[in-house]
Each structure stands twice: as structure tokens, then as C-alpha cells.
Amino acid sequence: MSRVRVLIRPKAGILDPQGQAVERALPALGFEGVGNVHVGRLVELDVEDAARVPEMCEKLLSNPLIEDYEIQ
Amino acid sequence: MKFGVVRFPGSCDEVDALVAARRVGEAELLWHGDADLKGVDAVIVPGGFSYGDYLRVGAIARFAPVMGEIERFAARGGPVFGICNGFQVLCEAHLLPGALTRNSHLHFRCKDQALRIENNATVWTSGYEVGARAVIPVKNGEGCFVADERTLDMLEAQGRVVARYIEGSPNGSMRDIAGITNERGNVVGLMPHPEHAIDELTGPSADGITFFTSVLKALVAA
């Protein structure tokens, strides 16, 4: 089994209201100088065949219309 | 005619959908785990939070055994109507283009919403006049319709926007889209809930019942 981490992010150009809300909240706590905040998802999985992970990403773990994924 | 209303774990509007469907015909529940549409003439994928909205709204429901049957039914021209979470499921299943994402203001929004009916050439909207104003409740946290510009332009050019939010958008949907149809006009997805607007006693209007009477008329005419 190998451990795989998949990072899933909103695609560039797709509205990311969660990222915007976090970006607005940080200065309110005194954290200035923060920009381009995006909120995504991390999926960790143990797999027997890591070659199948891209297909898992395309079919279930991400929605390619609105999200990009990165396999680590 | 007979409607089938799907029940997933986490559905919550299937009973209202049954009540609405029974105003115009027979209706029964279809269990998500059964690959069997029980010979129904039209399928409603109702609102709710199928599979707890885990991963993404509609993402897991899309692979339920009943969905394979619904995809085949739709491909044969069978009428399929996805309401709210049902719309999200139909997008995830690629029966409709685009996706539904978190409301732009991040709040869950529950209100009576004015819509403009843009297309009465679908089996689910044939009873409306184009341009009709309908007041139908919306209640969603992830109702913001998104698609790339090319898809949006294609939907507009082909007249596939079924309904648009007017008098203010509840969720930031691109081009104020509240509902769309597939090319053939037999599959429709709508974010607001017409099954909650079938009687002035319990809803803001009875404007929603026309979705259900439309499909009856279309099937009788066919």
C-alpha cells in the first residue's frame, strides 16, 4: 500500500467565497498582508495501485469542471 | 401517469415531491439502492442532503444504483426533474452541464423567490408562458450555478436556461440562472422548490404545480 495525498482546489476563475471570507477575516484578527487565500480539500488514502489515483480524482474526488487536483 | 421520486439517505423533500406529484397523477418512492424505476413515466430527484453532502454536493449520490437506471431512462427521452439537491446530482452525473457551488455570500438562504420562466419548450415547463413570473421558495447553501463562459453562452444560445432569478439573486448564480435543461428538453434541473409552492394554504403561491401538470400534459400529448 502506498500513501497518497490529493489536494483539491477551486479552479482559477471559479468564485471561491470561502477563500474570500477567510481573507477578509484575517485582518480583523490583526493579520495584515495576506492575499490570494483559497480554501480546498485534502484527501489522504492508502492505495495498492497509485496509477489509478488520477482516475479516482477525475471520477469522484474532484469535479474537474470547478476544481483542480494535485497528487502528492 | 406515474411519477417516481427517489429517496437517498439524506433526502428531505421527497415527501413534498410525492404530494405535489399526487396532485396530478400516481406517485411512489424509488429507493436509491435499487436499480429499478418500477415502470414509472417520470422521475423526480428531490431536494435534501444526499449522503450528507460529503465530498461535494451530489457527488456520491451520482453513483447510487438507481442513478444508472435514471441515466438510461433520460437517454431514452424519459422526463427527469432534479430539484435543489436533485439538480446538483444531475450535474454531477453529467446529465446537465455546469455545477452548483457554495452561495457567493456563504449563507444558507431560505426565502420566497421570484423567477422568470425563460423556456416553455421542456416537458417540465410546457404549461408556463415564456416570461411568466413565478414565486417559489429557495432553500439552499450551495445553489450558485457555475459553468465556463463557453458553456453559459451555449446554454443561452440554445435557449436552455429554463428559469432565472429576478428581483435579486439568492445565491450569486452566474447570469442569475435558477434552472437549465438538457438539449432534448426532457431533463430539467431547478434550484428553487416548486413542490413547496403547490397550494396557497402552505406555500407563497401555487405557481409550482405547473411543473408537475406540464409533464402530465406532455406525456398525454406524446
# chains A, B, ... in the order shown; residues from 1 in each chain; ligands from 1

call {"tool": "residues_around", "arguments": {"residues": "Val22 (chain A)", "least_positions_apart": "4", "cutoff": "12 Å", "atoms": "only C-alpha atoms", "output": "list in words"}}
result
Asp16, Pro17, Gln18, Leu26, Pro27, Ala28, Leu29, Phe31, Val34, Gly35, Asn36, Val37, His38 and Val39 of chain A; Leu106 of chain B

call {"tool": "interface_residues", "arguments": {"of": "chain B", "to": "chain A", "cutoff": "10 Å", "atoms": "only C-alpha atoms", "output": "ChimeraX atom specification"}}
result
/B:55-56,59-60,62-63,92-93,97-106,144,146-148,172

call {"tool": "write_last_selection", "arguments": {"atoms": "N, CA and C atoms", "output": "mmCIF file, in the first residue's frame"}}
result
data_model
loop_
_atom_site.group_PDB
_atom_site.id
_atom_site.type_symbol
_atom_site.label_atom_id
_atom_site.label_comp_id
_atom_site.auth_asym_id
_atom_site.auth_seq_id
_atom_site.Cartn_x
_atom_site.Cartn_y
_atom_site.Cartn_z
ATOM 1 N N LEU B 55 -18.029 15.157 0.579
ATOM 2 C CA LEU B 55 -17.117 15.352 -0.549
ATOM 3 C C LEU B 55 -17.532 16.578 -1.367
ATOM 4 N N ARG B 56 -18.632 16.492 -2.074
ATOM 5 C CA ARG B 56 -19.238 17.634 -2.784
ATOM 6 C C ARG B 56 -20.712 17.316 -2.866
ATOM 7 N N ALA B 59 -22.125 14.404 -5.188
ATOM 8 C CA ALA B 59 -21.017 13.624 -5.762
ATOM 9 C C ALA B 59 -21.179 12.126 -5.511
ATOM 10 N N ILE B 60 -21.684 11.749 -4.351
ATOM 11 C CA ILE B 60 -21.763 10.328 -4.017
ATOM 12 C C ILE B 60 -23.094 9.746 -4.495
ATOM 13 N N ARG B 62 -24.567 10.393 -7.065
ATOM 14 C CA ARG B 62 -24.453 10.145 -8.501
ATOM 15 C C ARG B 62 -24.161 8.672 -8.805
ATOM 16 N N PHE B 63 -23.497 7.977 -7.871
ATOM 17 C CA PHE B 63 -23.116 6.590 -8.119
ATOM 18 C C PHE B 63 -24.083 5.584 -7.487
ATOM 19 N N GLU B 92 -23.676 16.498 -11.335
ATOM 20 C CA GLU B 92 -22.566 15.584 -11.056
ATOM 21 C C GLU B 92 -22.615 14.367 -11.981
ATOM 22 N N ALA B 93 -23.826 13.953 -12.354
ATOM 23 C CA ALA B 93 -23.985 12.788 -13.238
ATOM 24 C C ALA B 93 -23.790 13.174 -14.704
ATOM 25 N N PRO B 97 -25.148 20.267 -17.726
ATOM 26 C CA PRO B 97 -23.815 20.877 -17.650
ATOM 27 C C PRO B 97 -23.668 21.792 -16.433
ATOM 28 N N GLY B 98 -22.423 22.115 -16.098
ATOM 29 C CA GLY B 98 -22.169 23.052 -15.008
ATOM 30 C C GLY B 98 -22.142 22.373 -13.660
ATOM 31 N N ALA B 99 -22.113 23.200 -12.612
ATOM 32 C CA ALA B 99 -22.053 22.689 -11.243
ATOM 33 C C ALA B 99 -22.693 23.711 -10.317
ATOM 34 N N LEU B 100 -23.102 23.236 -9.140
ATOM 35 C CA LEU B 100 -23.662 24.115 -8.112
ATOM 36 C C LEU B 100 -22.647 24.226 -6.994
ATOM 37 N N THR B 101 -22.326 25.450 -6.609
ATOM 38 C CA THR B 101 -21.295 25.660 -5.588
ATOM 39 C C THR B 101 -21.850 26.519 -4.462
ATOM 40 N N ARG B 102 -21.009 26.717 -3.445
ATOM 41 C CA ARG B 102 -21.378 27.484 -2.266
ATOM 42 C C ARG B 102 -21.950 28.847 -2.657
ATOM 43 N N ASN B 103 -23.055 29.235 -2.030
ATOM 44 C CA ASN B 103 -23.630 30.557 -2.276
ATOM 45 C C ASN B 103 -22.550 31.624 -2.141
ATOM 46 N N SER B 104 -22.572 32.626 -3.012
ATOM 47 C CA SER B 104 -21.477 33.596 -3.033
ATOM 48 C C SER B 104 -21.346 34.327 -1.699
ATOM 49 N N HIS B 105 -22.454 34.473 -0.961
ATOM 50 C CA HIS B 105 -22.398 35.172 0.332
ATOM 51 C C HIS B 105 -22.189 34.210 1.497
ATOM 52 N N LEU B 106 -22.051 32.926 1.197
ATOM 53 C CA LEU B 106 -21.770 31.865 2.169
ATOM 54 C C LEU B 106 -22.919 31.518 3.110
ATOM 55 N N CYS B 144 -25.273 28.184 -6.084
ATOM 56 C CA CYS B 144 -24.638 29.116 -7.019
ATOM 57 C C CYS B 144 -24.227 28.356 -8.281
ATOM 58 N N VAL B 146 -22.479 27.542 -11.579
ATOM 59 C CA VAL B 146 -21.281 27.989 -12.296
ATOM 60 C C VAL B 146 -21.020 27.085 -13.497
ATOM 61 N N ALA B 147 -20.484 27.702 -14.535
ATOM 62 C CA ALA B 147 -20.029 26.969 -15.721
ATOM 63 C C ALA B 147 -19.072 27.912 -16.432
ATOM 64 N N ASP B 148 -18.261 27.374 -17.347
ATOM 65 C CA ASP B 148 -17.357 28.283 -18.058
ATOM 66 C C ASP B 148 -18.164 29.122 -19.060
ATOM 67 N N GLY B 172 -25.998 34.197 -6.005
ATOM 68 C CA GLY B 172 -24.881 34.626 -6.843
ATOM 69 C C GLY B 172 -24.678 33.804 -8.104
#

call {"tool": "select_by_dssp", "arguments": {"residues": "region 117-152 of chain B", "states": "strand (DSSP E)", "output": "PDB file with N, CA and C atoms, in the first residue's frame"}}
result
ATOM      1  N   ILE B 117     -39.804  32.553 -15.961  1.00  0.00           N
ATOM      2  CA  ILE B 117     -39.719  31.337 -16.771  1.00  0.00           C
ATOM      3  C   ILE B 117     -39.223  31.735 -18.161  1.00  0.00           C
ATOM      4  N   ARG B 133     -43.945  35.181 -14.381  1.00  0.00           N
ATOM      5  CA  ARG B 133     -43.305  35.351 -13.080  1.00  0.00           C
ATOM      6  C   ARG B 133     -43.880  34.295 -12.145  1.00  0.00           C
ATOM      7  N   ALA B 134     -42.997  33.543 -11.503  1.00  0.00           N
ATOM      8  CA  ALA B 134     -43.441  32.514 -10.561  1.00  0.00           C
ATOM      9  C   ALA B 134     -42.728  32.758  -9.238  1.00  0.00           C
ATOM     10  N   VAL B 135     -43.473  32.636  -8.141  1.00  0.00           N
ATOM     11  CA  VAL B 135     -42.858  32.806  -6.819  1.00  0.00           C
ATOM     12  C   VAL B 135     -42.768  31.428  -6.156  1.00  0.00           C
ATOM     13  N   ILE B 136     -41.533  30.989  -5.938  1.00  0.00           N
ATOM     14  CA  ILE B 136     -41.268  29.624  -5.492  1.00  0.00           C
ATOM     15  C   ILE B 136     -40.160  29.686  -4.432  1.00  0.00           C
ATOM     16  N   PRO B 137     -40.288  28.935  -3.344  1.00  0.00           N
ATOM     17  CA  PRO B 137     -39.248  29.019  -2.305  1.00  0.00           C
ATOM     18  C   PRO B 137     -37.882  28.486  -2.786  1.00  0.00           C
ATOM     19  N   VAL B 138     -36.833  29.168  -2.354  1.00  0.00           N
ATOM     20  CA  VAL B 138     -35.482  28.591  -2.460  1.00  0.00           C
ATOM     21  C   VAL B 138     -35.015  28.304  -1.039  1.00  0.00           C
ATOM     22  N   LYS B 139     -34.229  27.253  -0.896  1.00  0.00           N
ATOM     23  CA  LYS B 139     -33.612  26.974   0.411  1.00  0.00           C
ATOM     24  C   LYS B 139     -32.364  26.153   0.123  1.00  0.00           C
ATOM     25  N   ASN B 140     -31.247  26.846   0.069  1.00  0.00           N
ATOM     26  CA  ASN B 140     -30.013  26.130  -0.229  1.00  0.00           C
ATOM     27  C   ASN B 140     -28.807  26.875   0.316  1.00  0.00           C
ATOM     28  N   CYS B 144     -25.273  28.184  -6.084  1.00  0.00           N
ATOM     29  CA  CYS B 144     -24.638  29.116  -7.019  1.00  0.00           C
ATOM     30  C   CYS B 144     -24.227  28.356  -8.281  1.00  0.00           C
ATOM     31  N   PHE B 145     -24.963  28.571  -9.359  1.00  0.00           N
ATOM     32  CA  PHE B 145     -24.679  27.844 -10.602  1.00  0.00           C
ATOM     33  C   PHE B 145     -23.441  28.425 -11.264  1.00  0.00           C
ATOM     34  N   VAL B 146     -22.479  27.542 -11.579  1.00  0.00           N
ATOM     35  CA  VAL B 146     -21.281  27.989 -12.296  1.00  0.00           C
ATOM     36  C   VAL B 146     -21.020  27.085 -13.497  1.00  0.00           C
TER      37      VAL B 146
END

call {"tool": "select_by_dssp", "arguments": {"residues": "chain A", "states": "alpha helix (DSSP H)", "output": "MDAnalysis selection string"}}
result
chainID A and resid 17:28 53:56

call {"tool": "write_last_selection", "arguments": {"atoms": "C-alpha atoms", "output": "PDB file, in the first residue's frame"}}
result
ATOM      1  CA  PRO A  17     -16.295  32.556  -1.411  1.00  0.00           C
ATOM      2  CA  GLN A  18     -14.721  30.531   1.391  1.00  0.00           C
ATOM      3  CA  GLY A  19     -11.269  31.799   0.449  1.00  0.00           C
ATOM      4  CA  GLN A  20     -12.607  35.352   0.272  1.00  0.00           C
ATOM      5  CA  ALA A  21     -14.269  35.055   3.670  1.00  0.00           C
ATOM      6  CA  VAL A  22     -11.046  33.787   5.268  1.00  0.00           C
ATOM      7  CA  GLU A  23      -9.080  36.552   3.541  1.00  0.00           C
ATOM      8  CA  ARG A  24     -11.437  39.151   4.999  1.00  0.00           C
ATOM      9  CA  ALA A  25     -11.366  37.583   8.459  1.00  0.00           C
ATOM     10  CA  LEU A  26      -7.575  37.559   8.874  1.00  0.00           C
ATOM     11  CA  PRO A  27      -7.047  41.357   9.018  1.00  0.00           C
ATOM     12  CA  ALA A  28      -9.816  41.537  11.603  1.00  0.00           C
ATOM     13  CA  VAL A  53      -5.466   7.667  -8.428  1.00  0.00           C
ATOM     14  CA  PRO A  54      -5.816  10.128 -11.355  1.00  0.00           C
ATOM     15  CA  GLU A  55      -8.944   8.268 -12.472  1.00  0.00           C
ATOM     16  CA  MET A  56     -10.305   8.392  -8.910  1.00  0.00           C
TER      17      MET A  56
END

call {"tool": "atom_distance", "arguments": {"atom1": "CA of Leu30 (chain B)", "atom2": "CA of Leu216 (chain B)"}}
result
19.0 Å

call {"tool": "residues_around", "arguments": {"residues": "region 150-164 of chain B", "least_positions_apart": "4", "cutoff": "6 Å", "atoms": "only C-alpha atoms", "output": "PyMOL selection string"}}
result
chain B and resi 115-119+176-181
